[in-house]
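Student: Just input_31.txt, nothing more (compact mmCIF, C-alpha atoms):
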# COMPACT_ATOMS: atom_id res chain seq x y z
CA MET S 1 0.00 0.00 0.00
CA ILE S 2 2.77 2.39 1.06
CA GLY S 3 4.83 1.34 -1.94
CA ARG S 4 1.97 2.20 -4.30
CA GLU S 5 1.49 5.62 -2.68
CA GLU S 6 5.20 6.37 -3.08
CA HIS S 7 5.02 5.27 -6.67
CA ASP S 8 2.20 7.76 -7.30
CA LEU S 9 4.25 10.45 -5.60
CA HIS S 10 7.21 9.77 -7.86
CA ARG S 11 5.01 9.64 -10.94
CA ARG S 12 3.50 13.04 -10.11
CA ARG S 13 6.90 14.55 -9.44
CA ARG S 14 8.29 13.17 -12.71
CA GLY S 15 5.30 14.58 -14.60
CA ARG S 16 5.75 17.96 -12.93
CA ASN S 17 9.47 18.06 -13.71
CA LEU S 18 8.94 17.07 -17.34
CA ALA S 19 6.23 19.71 -17.79
CA LEU S 20 8.45 22.37 -16.18
CA GLY S 21 11.29 21.32 -18.48
CA ALA S 22 8.98 21.70 -21.49
CA VAL S 23 7.94 25.18 -20.30
CA LEU S 24 11.59 26.24 -19.90
CA LEU S 25 12.44 24.91 -23.37
CA ALA S 26 9.47 26.78 -24.83
CA PHE S 27 10.67 29.96 -23.06
CA VAL S 28 14.15 29.56 -24.58
CA ALA S 29 12.59 28.97 -28.02
CA LEU S 30 10.45 32.10 -27.54
CA LEU S 31 13.48 34.24 -26.66
CA PHE S 32 15.33 32.85 -29.67
CA GLY S 33 12.37 33.54 -31.96
CA VAL S 34 11.95 37.11 -30.71
CA THR S 35 15.70 37.74 -31.08
CA ILE S 36 15.62 36.56 -34.70
CA ALA S 37 12.49 38.67 -35.37
CA LYS S 38 14.06 41.81 -33.88
CA LEU S 39 17.37 41.24 -35.67
CA GLY S 40 15.45 40.63 -38.89
CA ALA S 41 13.59 43.92 -38.51
CA ASN S 42 16.89 45.76 -38.13
CA ALA S 43 18.37 43.96 -41.13
CA VAL S 44 15.45 45.16 -43.26
CA LYS S 45 15.68 48.72 -41.88
CA PRO S 46 19.34 49.15 -40.89
CA GLU S 47 18.78 52.83 -40.11
CA MET S 48 16.63 51.71 -37.18
CA SER S 49 19.48 49.67 -35.67
CA TRP S 50 20.78 50.99 -32.34
CA SER S 51 24.37 50.41 -33.49
CA GLN S 52 23.83 52.79 -36.42
CA SER S 53 22.29 55.50 -34.30
CA GLU S 54 25.26 55.77 -31.94
CA MET B 1 10.21 5.08 9.09
CA ALA B 2 6.52 5.91 8.81
CA SER B 3 5.63 8.24 5.98
CA VAL B 4 3.11 11.07 6.20
CA LEU B 5 0.82 9.06 3.97
CA GLU B 6 0.99 6.09 6.32
CA ILE B 7 0.21 8.18 9.42
CA ASP B 8 -2.62 10.04 7.75
CA GLY B 9 -4.12 6.97 6.15
CA GLY B 10 -3.42 8.44 2.72
CA ASN B 11 -5.47 11.60 3.31
CA ALA B 12 -2.57 14.06 3.62
CA PRO B 13 -2.33 16.80 0.96
CA ARG B 14 -0.82 15.08 -2.04
CA ASP B 15 2.19 16.34 -3.95
CA ALA B 16 0.88 18.82 -6.51
CA GLU B 17 0.86 17.99 -10.21
CA PHE B 18 1.78 20.48 -12.91
CA GLY B 19 -1.91 20.82 -13.76
CA ASP B 20 -2.63 22.04 -10.22
CA TYR B 21 -0.21 24.95 -10.70
CA PHE B 22 -1.75 25.65 -14.10
CA GLU B 23 -5.19 25.75 -12.46
CA LEU B 24 -3.87 28.53 -10.16
CA LEU B 25 -3.60 30.73 -13.25
CA LYS B 26 -7.37 30.52 -13.88
CA PRO B 27 -7.12 29.09 -17.41
CA ARG B 28 -10.71 29.99 -18.34
CA VAL B 29 -10.20 33.65 -17.48
CA MET B 30 -6.83 33.46 -19.22
CA SER B 31 -8.46 32.22 -22.44
CA LEU B 32 -10.74 35.29 -22.44
CA VAL B 33 -7.73 37.53 -21.81
CA ILE B 34 -5.80 35.94 -24.68
CA PHE B 35 -8.74 36.27 -27.04
CA THR B 36 -9.57 39.92 -26.28
CA ALA B 37 -5.88 40.95 -26.25
CA LEU B 38 -5.40 39.23 -29.61
CA VAL B 39 -8.38 41.10 -31.07
CA GLY B 40 -7.02 44.40 -29.69
CA LEU B 41 -3.74 43.58 -31.42
CA VAL B 42 -5.15 42.54 -34.82
CA VAL B 43 -7.57 45.47 -35.16
CA ALA B 44 -4.80 47.99 -34.45
CA PRO B 45 -3.67 49.94 -37.52
CA VAL B 46 0.01 48.98 -37.09
CA PRO B 47 1.07 45.50 -38.23
CA VAL B 48 3.11 43.47 -35.73
CA HIS B 49 5.66 40.75 -36.51
CA PRO B 50 3.91 37.41 -35.76
CA MET B 51 6.71 36.34 -33.40
CA ILE B 52 6.50 39.58 -31.42
CA ALA B 53 2.71 39.26 -31.37
CA LEU B 54 2.94 35.67 -30.07
CA ALA B 55 5.51 36.55 -27.41
CA SER B 56 3.48 39.58 -26.28
CA ILE B 57 0.23 37.63 -26.03
CA ILE B 58 2.02 34.96 -23.98
CA CYS B 59 3.33 37.68 -21.61
CA ILE B 60 -0.17 39.15 -21.26
CA ALA B 61 -1.62 35.66 -20.59
CA VAL B 62 1.08 34.86 -18.00
CA GLY B 63 0.54 38.26 -16.33
CA ALA B 64 -3.20 37.59 -16.16
CA GLY B 65 -2.46 34.12 -14.77
CA ALA B 66 -0.17 35.63 -12.15
CA SER B 67 -2.94 37.94 -10.95
CA GLY B 68 -5.26 34.90 -10.83
CA ALA B 69 -2.77 33.06 -8.59
CA LEU B 70 -2.47 36.10 -6.30
CA ASN B 71 -6.28 36.30 -6.14
CA MET B 72 -6.50 32.60 -5.17
CA TRP B 73 -3.79 33.09 -2.53
CA TRP B 74 -5.66 36.01 -0.96
CA ASP B 75 -9.16 34.51 -1.25
CA ALA B 76 -8.37 30.96 -0.06
CA ASP B 77 -10.33 31.53 3.19
CA ILE B 78 -13.56 32.44 1.39
CA ASP B 79 -13.04 30.06 -1.56
CA VAL B 80 -13.39 27.13 0.82
CA LYS B 81 -16.89 28.35 1.82
CA MET B 82 -18.33 28.56 -1.70
CA ALA B 83 -19.43 25.57 -3.77
CA ARG B 84 -18.15 27.21 -6.97
CA THR B 85 -14.60 27.68 -5.63
CA ARG B 86 -14.24 24.90 -3.07
CA ASN B 87 -12.25 22.67 -5.42
CA ARG B 88 -9.63 25.27 -6.31
CA PRO B 89 -6.02 24.14 -5.67
CA ILE B 90 -5.54 25.92 -2.29
CA PRO B 91 -8.87 25.16 -0.54
CA SER B 92 -8.67 21.54 -1.73
CA GLY B 93 -5.17 21.24 -0.20
CA ARG B 94 -3.28 20.48 -3.41
CA ILE B 95 -1.18 23.65 -3.24
CA THR B 96 -0.10 25.64 -0.17
CA PRO B 97 -0.90 29.38 0.03
CA GLY B 98 2.83 30.13 0.10
CA GLU B 99 3.38 28.31 -3.17
CA ALA B 100 0.51 30.21 -4.81
CA LEU B 101 1.96 33.52 -3.62
CA ALA B 102 5.38 32.55 -5.00
CA VAL B 103 3.86 31.57 -8.37
CA GLY B 104 1.88 34.83 -8.52
CA VAL B 105 4.76 37.12 -7.61
CA GLY B 106 7.27 35.19 -9.71
CA LEU B 107 5.17 35.21 -12.87
CA SER B 108 4.29 38.90 -12.39
CA LEU B 109 7.97 39.81 -12.10
CA LEU B 110 8.70 37.75 -15.21
CA SER B 111 5.83 38.77 -17.48
CA VAL B 112 5.99 42.58 -17.05
CA PRO B 113 9.67 43.19 -17.98
CA MET B 114 9.46 40.56 -20.72
CA LEU B 115 6.53 42.39 -22.33
CA GLY B 116 8.52 45.62 -22.07
CA LEU B 117 11.47 44.01 -23.85
CA PHE B 118 9.39 42.16 -26.47
CA ALA B 119 6.96 44.99 -27.32
CA ASN B 120 7.18 48.35 -25.54
CA TRP B 121 7.19 49.81 -22.03
CA LEU B 122 3.72 51.36 -22.25
CA SER B 123 2.14 47.92 -22.64
CA ALA B 124 4.36 46.61 -19.83
CA ALA B 125 3.18 49.45 -17.57
CA ILE B 126 -0.48 48.70 -18.39
CA LEU B 127 0.11 45.00 -17.65
CA ALA B 128 1.74 45.84 -14.30
CA PHE B 129 -1.18 48.12 -13.44
CA THR B 130 -3.67 45.40 -14.45
CA ILE B 131 -2.02 42.85 -12.14
CA PHE B 132 -1.91 45.42 -9.31
CA PHE B 133 -5.53 46.39 -9.92
CA TYR B 134 -6.83 42.80 -9.86
CA ALA B 135 -4.70 41.51 -6.98
CA VAL B 136 -4.65 44.57 -4.70
CA ILE B 137 -7.48 46.97 -5.60
CA TYR B 138 -10.07 44.28 -6.39
CA SER B 139 -9.10 41.15 -4.41
CA MET B 140 -7.62 42.71 -1.27
CA TRP B 141 -9.67 45.88 -1.01
CA LEU B 142 -12.96 46.09 -2.94
CA LYS B 143 -14.20 42.50 -3.05
CA ARG B 144 -14.97 42.26 0.65
CA SER B 145 -15.83 45.88 1.34
CA THR B 146 -18.34 47.17 -1.24
CA PRO B 147 -21.21 45.87 -3.40
CA GLN B 148 -19.59 47.86 -6.20
CA ASN B 149 -16.71 45.33 -6.06
CA ILE B 150 -17.18 43.83 -9.50
CA VAL B 151 -18.13 47.17 -11.09
CA ILE B 152 -14.73 48.70 -10.32
CA GLY B 153 -12.92 45.35 -10.30
CA GLY B 154 -14.24 44.71 -13.80
CA ALA B 155 -11.65 47.19 -15.04
CA ALA B 156 -8.95 44.56 -14.49
CA GLY B 157 -10.63 42.25 -17.01
CA ALA B 158 -11.17 45.14 -19.41
CA PHE B 159 -7.52 46.01 -19.97
CA PRO B 160 -6.44 43.12 -22.28
CA PRO B 161 -7.71 44.61 -25.60
CA MET B 162 -6.05 47.89 -24.62
CA LEU B 163 -2.87 45.92 -23.96
CA GLY B 164 -3.05 44.28 -27.39
CA TRP B 165 -3.55 47.69 -29.02
CA ALA B 166 -0.65 49.19 -27.02
CA VAL B 167 1.62 46.31 -28.09
CA ALA B 168 0.93 47.14 -31.75
CA THR B 169 0.83 50.92 -31.68
CA GLY B 170 2.79 51.90 -28.57
CA GLY B 171 -0.11 54.19 -27.61
CA VAL B 172 -3.75 54.36 -26.53
CA SER B 173 -6.59 56.06 -28.44
CA ILE B 174 -10.41 56.10 -28.55
CA GLU B 175 -10.67 52.59 -30.07
CA PRO B 176 -8.98 50.67 -27.20
CA ILE B 177 -10.81 52.88 -24.70
CA LEU B 178 -14.12 51.77 -26.23
CA MET B 179 -13.03 48.10 -26.19
CA PHE B 180 -12.13 48.63 -22.52
CA ALA B 181 -15.55 50.19 -21.89
CA ILE B 182 -17.33 47.24 -23.53
CA ILE B 183 -15.81 44.71 -21.10
CA PHE B 184 -16.08 47.15 -18.18
CA LEU B 185 -19.84 47.65 -18.67
CA TRP B 186 -20.40 43.98 -19.54
CA THR B 187 -18.96 42.70 -16.25
CA PRO B 188 -21.73 43.89 -13.83
CA PRO B 189 -24.74 42.40 -15.69
CA HIS B 190 -22.69 39.23 -16.38
CA PHE B 191 -21.72 38.65 -12.74
CA TRP B 192 -24.93 39.91 -11.16
CA ALA B 193 -26.98 37.51 -13.32
CA LEU B 194 -24.86 34.72 -11.78
CA ALA B 195 -24.99 36.25 -8.28
CA LEU B 196 -28.82 36.32 -8.40
CA TYR B 197 -28.94 32.52 -8.36
CA ARG B 198 -25.71 31.95 -6.42
CA ASN B 199 -26.72 34.36 -3.66
CA GLY B 200 -26.31 31.78 -0.87
CA ASP B 201 -22.68 31.15 -1.78
CA TYR B 202 -21.73 34.81 -1.42
CA GLU B 203 -23.78 35.18 1.77
CA ARG B 204 -21.92 32.26 3.39
CA ALA B 205 -18.57 33.79 2.42
CA ALA B 206 -19.71 37.28 3.57
CA VAL B 207 -18.83 38.77 0.18
CA PRO B 208 -21.00 41.90 -0.21
CA MET B 209 -22.26 41.14 -3.71
CA MET B 210 -25.07 43.42 -4.91
CA PRO B 211 -27.92 40.87 -4.35
CA VAL B 212 -26.64 40.20 -0.80
CA VAL B 213 -26.42 43.90 0.18
CA ALA B 214 -29.03 45.73 -1.91
CA GLY B 215 -31.39 42.82 -2.52
CA PRO B 216 -32.39 41.08 -5.74
CA GLN B 217 -34.81 43.75 -6.96
CA ALA B 218 -32.24 46.56 -6.87
CA THR B 219 -29.75 44.22 -8.59
CA ARG B 220 -32.26 43.49 -11.34
CA ARG B 221 -32.76 47.21 -12.04
CA GLN B 222 -29.00 47.73 -12.16
CA ILE B 223 -28.59 44.84 -14.62
CA PHE B 224 -31.06 46.60 -16.91
CA VAL B 225 -29.32 50.00 -16.59
CA TYR B 226 -25.91 48.50 -17.34
CA ALA B 227 -27.30 46.56 -20.31
CA LEU B 228 -28.68 49.83 -21.70
CA ALA B 229 -25.31 51.56 -21.32
CA LEU B 230 -23.61 48.51 -22.81
CA LEU B 231 -25.81 48.73 -25.92
CA ALA B 232 -24.57 52.28 -26.59
CA VAL B 233 -20.91 51.49 -25.90
CA ALA B 234 -20.97 48.27 -27.95
CA ILE B 235 -22.25 50.13 -31.01
CA ALA B 236 -19.85 53.08 -30.65
CA PRO B 237 -16.76 51.29 -32.14
CA ALA B 238 -18.70 51.05 -35.42
CA PHE B 239 -18.06 54.80 -35.80
CA THR B 240 -14.31 54.59 -35.23
CA SER B 241 -11.43 53.47 -37.44
CA ILE B 242 -11.91 49.81 -36.36
CA GLY B 243 -15.65 49.72 -37.17
CA GLY B 244 -17.84 49.52 -40.23
CA VAL B 245 -21.23 48.36 -41.48
CA VAL B 246 -20.58 44.67 -40.71
CA TYR B 247 -19.67 45.42 -37.10
CA LEU B 248 -22.58 47.84 -36.72
CA VAL B 249 -25.12 45.22 -37.86
CA ILE B 250 -23.67 42.36 -35.78
CA ALA B 251 -23.09 44.44 -32.61
CA GLY B 252 -26.51 46.08 -32.95
CA ALA B 253 -28.37 42.77 -33.28
CA LEU B 254 -26.41 41.06 -30.48
CA SER B 255 -26.79 44.00 -28.11
CA LEU B 256 -30.54 44.33 -28.71
CA TRP B 257 -30.89 40.63 -27.86
CA PHE B 258 -28.75 41.18 -24.74
CA LEU B 259 -31.00 44.10 -23.77
CA ARG B 260 -34.10 41.96 -24.31
CA LEU B 261 -32.80 39.29 -21.89
CA ALA B 262 -31.76 42.02 -19.42
CA VAL B 263 -35.28 43.53 -19.56
CA ILE B 264 -36.78 40.11 -18.71
CA VAL B 265 -34.37 39.68 -15.78
CA GLY B 266 -34.59 43.34 -14.74
CA PHE B 267 -38.36 43.61 -14.43
CA ARG B 268 -39.54 40.34 -13.00
CA ALA B 269 -40.31 39.49 -9.41
CA GLU B 270 -37.97 37.38 -7.32
CA ALA B 271 -40.81 34.94 -6.59
CA THR B 272 -41.29 34.31 -10.33
CA ALA B 273 -37.55 33.74 -10.73
CA GLU B 274 -37.47 31.26 -7.86
CA ALA B 275 -40.51 29.45 -9.23
CA ASP B 276 -38.81 28.67 -12.54
CA GLY B 277 -35.35 28.00 -11.04
CA HIS B 278 -33.88 31.36 -12.24
CA ARG B 279 -34.18 30.32 -15.88
CA ALA B 280 -33.98 33.85 -17.27
CA GLU B 281 -30.98 34.72 -15.09
CA LYS B 282 -29.12 31.59 -16.21
CA ARG B 283 -29.99 32.38 -19.83
CA LEU B 284 -28.67 35.95 -19.48
CA PHE B 285 -25.46 34.71 -17.81
CA LYS B 286 -24.79 32.17 -20.58
CA PHE B 287 -25.69 34.58 -23.36
CA SER B 288 -23.46 37.30 -21.88
CA ILE B 289 -20.41 35.04 -22.38
CA LEU B 290 -21.41 34.32 -25.97
CA TRP B 291 -22.17 38.03 -26.53
CA LEU B 292 -18.70 39.17 -25.50
CA PHE B 293 -17.07 36.49 -27.63
CA LEU B 294 -19.14 37.40 -30.71
CA ILE B 295 -18.64 41.17 -30.28
CA PHE B 296 -14.86 40.74 -30.36
CA CYS B 297 -15.19 38.23 -33.23
CA ALA B 298 -17.13 40.93 -35.11
CA LEU B 299 -14.31 43.43 -34.55
CA ALA B 300 -11.77 40.90 -35.85
CA LEU B 301 -14.03 40.10 -38.83
CA GLU B 302 -14.36 43.79 -39.66
CA ALA B 303 -10.56 44.15 -39.59
CA ALA B 304 -10.15 41.10 -41.85
CA LEU B 305 -12.75 42.41 -44.33
CA LYS B 306 -11.09 45.82 -44.40
CA SER B 307 -7.66 44.36 -45.09
CA ALA B 308 -9.22 42.35 -47.95
CA GLY B 309 -10.84 45.55 -49.27
CA LEU B 310 -14.35 44.20 -48.66
CA SER B 311 -15.42 46.74 -46.05
CA GLN B 312 -14.67 50.30 -45.07
CA SER B 313 -15.14 52.66 -42.15
CA LEU B 314 -18.42 54.55 -41.82
CA PRO B 315 -18.31 58.18 -42.96
CA TRP B 316 -19.03 59.53 -39.45
CA LEU B 317 -15.90 58.81 -37.46
CA ILE B 318 -15.28 59.49 -33.77
CA SER B 319 -11.63 60.32 -33.30
Just give me the structure of the file as structure tokens.
Tutor:
Amino acid sequence: MIGREEHDLHRRRRGRNLALGAVLLAFVALLFGVTIAKLGANAVKPEMSWSQSE
Amino acid sequence: MASVLEIDGGNAPRDAEFGDYFELLKPRVMSLVIFTALVGLVVAPVPVHPMIALASIICIAVGAGASGALNMWWDADIDVKMARTRNRPIPSGRITPGEALAVGVGLSLLSVPMLGLFANWLSAAILAFTIFFYAVIYSMWLKRSTPQNIVIGGAAGAFPPMLGWAVATGGVSIEPILMFAIIFLWTPPHFWALALYRNGDYERAAVPMMPVVAGPQATRRQIFVYALALLAVAIAPAFTSIGGVVYLVIAGALSLWFLRLAVIVGFRAEATAEADGHRAEKRLFKFSILWLFLIFCALALEAALKSAGLSQSLPWLIS
């Protein structure tokens, strides 16, 4: 009985960790995507780039 | 060594699953926030890169979720007394109040600066204010102290389309103010229709909802008055840059139907309502959800038709 409860506990923790990992990966992908989008915008309009304005 | 589960006979609070934390963010409210913010963004006259739009909408959704978690943390003591909220993660023992507070604060501190970096700092400031308004002004202050709680608190739910617009344009004008006003005026009749038949819940929790404090008859009159004001405000965007004939027809028809249901609820006796199990109130509550969804769909449709050259703004513009 106790063994089964512990097994459920571990299963829930594993599920939680995997989901959190997926969220973190998605966050990294989002940052990467936004970086590419912002860099792309500056490549199209180089006069808008901060490096040009300095 | 005996485990907690063994001592408690398996009834101790179980280790939370990821879904329990997700539930803290009030996913149903979040879906409405995402939808209205997205409409605010797509009807704006400035195009946004899809990646920036996606990232911004995610930030807005996470910010809204954070305020939901803070609300659940603060309201755990009354949530346990109401049938509607008894199974939320904190009152049901799946998540501790401390964890909910940490999730709420953490996600707030993440979503606001991220939105500032992804889009602009005006939208980040509006998001920060929205979280503050919902968690502090509404949850901590108004909800338990005045029957006008959801009238003023409704502002928190009304900001998302303004946020979407601010993400795209970096500013605020009459159009997002009208979208704000639509949700702001929609909230009282929507919630009071529910409160009329969930009165007992709020009484038990000592939440001064309008039917508890002013009585059902006064609440019914107020529902009618707000529905009347809502009709005017819902039609107004038709005469701005985001409106047109299609929106005018759809919003007009939907709002007249809303007003019809509000008249039925507003002018009938409490005894009649109790006799038929609050049928009209339940119908108004359900229709109000559909109404808001369709109004914002109509705004998005108008924007799509305009971009395809199939519709244009009315000649009498409010600016």
Student: Sorted by chain and rising residue number, which residues of chain S lie within 8 Å of chain B, and what are their closest atom pairs and distances in Å to one decimal, counting all atoms listed in the file, as CSV?
Tutor:
residue,atom,partner,partner_atom,distance
S:Ile2,CA,B:Glu6,CA,6.7
S:Glu5,CA,B:Leu5,CA,7.5
S:Leu9,CA,B:Asp15,CA,6.5
S:Arg12,CA,B:Glu17,CA,5.6
S:Arg13,CA,B:Glu17,CA,7.0
S:Gly15,CA,B:Phe18,CA,7.1
S:Arg16,CA,B:Phe18,CA,4.7
S:Ala19,CA,B:Phe18,CA,6.6
S:Leu20,CA,B:Phe18,CA,7.7
S:Leu30,CA,B:Ala55,CA,6.7
S:Gly33,CA,B:Met51,CA,6.5
S:Val34,CA,B:Met51,CA,5.9
S:Ala37,CA,B:Met51,CA,6.5
Student: Pick out the closest residue to Gly266 in chain B from this set: B:Lys306, B:Lys286, B:Arg220, B:Arg279. Count all atoms listed in the file.
Tutor: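 Closest candidate: B:Arg220.
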Student: Got a sec: who's within 8 Å of range 182-190 of chain B, counting all atoms listed in the file, leaving out chain neighbours fewer than 4 positions off, as a VMD selection string?
Tutor: chain B and resid 150 to 151 154 to 155 157 to 158 178 194 222 to 224 226 to 227 229 to 230 233 to 234 262 284 to 285 288 to 289 292
Student: Mind giving me the straight-line distance from CA of Arg14 in chain S to CA of Phe22 in chain B in Å, one decimal?
Tutor: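 Result for CA of Arg14 in chain S versus CA of Phe22 in chain B: 16.1 Å, one decimal.
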Student: Need the neighbours of (0.9, 50.7, -21.1): which residues are at most 10 Å away, counting all atoms listed in the file, as a PyMOL selection string?
Tutor: chain B and resi 116+120-130+159+162-167+170-172
Student: Selected residues, C-alpha atoms, written as a short mmCIF file (atom, residue, chain, number, x, y, z; two decimals), in the frame of the given file, please.
Tutor:
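Below you can see result.cif, which holds the result:
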data_model
loop_
_atom_site.label_atom_id
_atom_site.label_comp_id
_atom_site.auth_asym_id
_atom_site.auth_seq_id
_atom_site.Cartn_x
_atom_site.Cartn_y
_atom_site.Cartn_z
CA GLY B 116 8.52 45.62 -22.07
CA ASN B 120 7.18 48.35 -25.54
CA TRP B 121 7.19 49.81 -22.03
CA LEU B 122 3.72 51.36 -22.25
CA SER B 123 2.14 47.92 -22.64
CA ALA B 124 4.36 46.61 -19.83
CA ALA B 125 3.18 49.45 -17.57
CA ILE B 126 -0.48 48.70 -18.39
CA LEU B 127 0.11 45.00 -17.65
CA ALA B 128 1.74 45.84 -14.30
CA PHE B 129 -1.18 48.12 -13.44
CA THR B 130 -3.67 45.40 -14.45
CA PHE B 159 -7.52 46.01 -19.97
CA MET B 162 -6.05 47.89 -24.62
CA LEU B 163 -2.87 45.92 -23.96
CA GLY B 164 -3.05 44.28 -27.39
CA TRP B 165 -3.55 47.69 -29.02
CA ALA B 166 -0.65 49.19 -27.02
CA VAL B 167 1.62 46.31 -28.09
CA GLY B 170 2.79 51.90 -28.57
CA GLY B 171 -0.11 54.19 -27.61
CA VAL B 172 -3.75 54.36 -26.53
#
Student: For a test of reading the model, state the distance in Å between CA of Val39 in chain B and CA of Pro160 in chain B, rounded to one decimal.
Tutor: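 Straight-line distance from CA of Val39 in chain B to CA of Pro160 in chain B works out to 9.2 Å.
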Student: What's around Thr96 in chain B at 12 Å? Count all atoms listed in the file, leave out sequence neighbours fewer than 2 positions away in its own chain, and write the answer as a PyMOL selection string.
Tutor: chain B and resi 13-16+20-21+24+69+72-74+76+88-94+98-103
Student: Applying 10 Å and all atoms listed in the file, which residues near Pro27 in chain B remain after dropping the ones on its own chain fewer than 4 positions away? List them as a ChimeraX atom specification.
Tutor: /B:22-23,31-33,61,64-65,68
Student: Keeping only C-alpha atoms, write the selected residues to a file as a compact mmCIF listing (two decimals), in the frame of the given file.
Tutor:
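Output file result_1.txt is given in full below:
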# COMPACT_ATOMS: atom_id res chain seq x y z
CA PHE B 22 -1.75 25.65 -14.10
CA GLU B 23 -5.19 25.75 -12.46
CA SER B 31 -8.46 32.22 -22.44
CA LEU B 32 -10.74 35.29 -22.44
CA VAL B 33 -7.73 37.53 -21.81
CA ALA B 61 -1.62 35.66 -20.59
CA ALA B 64 -3.20 37.59 -16.16
CA GLY B 65 -2.46 34.12 -14.77
CA GLY B 68 -5.26 34.90 -10.83
Student: Figure out the distance between CA of Gly21 in chain S and CA of Pro113 in chain B, please, to one decimal in Å.
Tutor: 21.9 Å
Student: Would you list the residues near (-5.8, 45.7, -4.9), meaning any protein, DNA or RNA residue with an atom at most 12 Å from that point in file coordinates, counting only C-alpha atoms, as a PyMOL selection string?
Tutor: chain B and resi 67+70-71+74+129-145+149+152-153+155-156
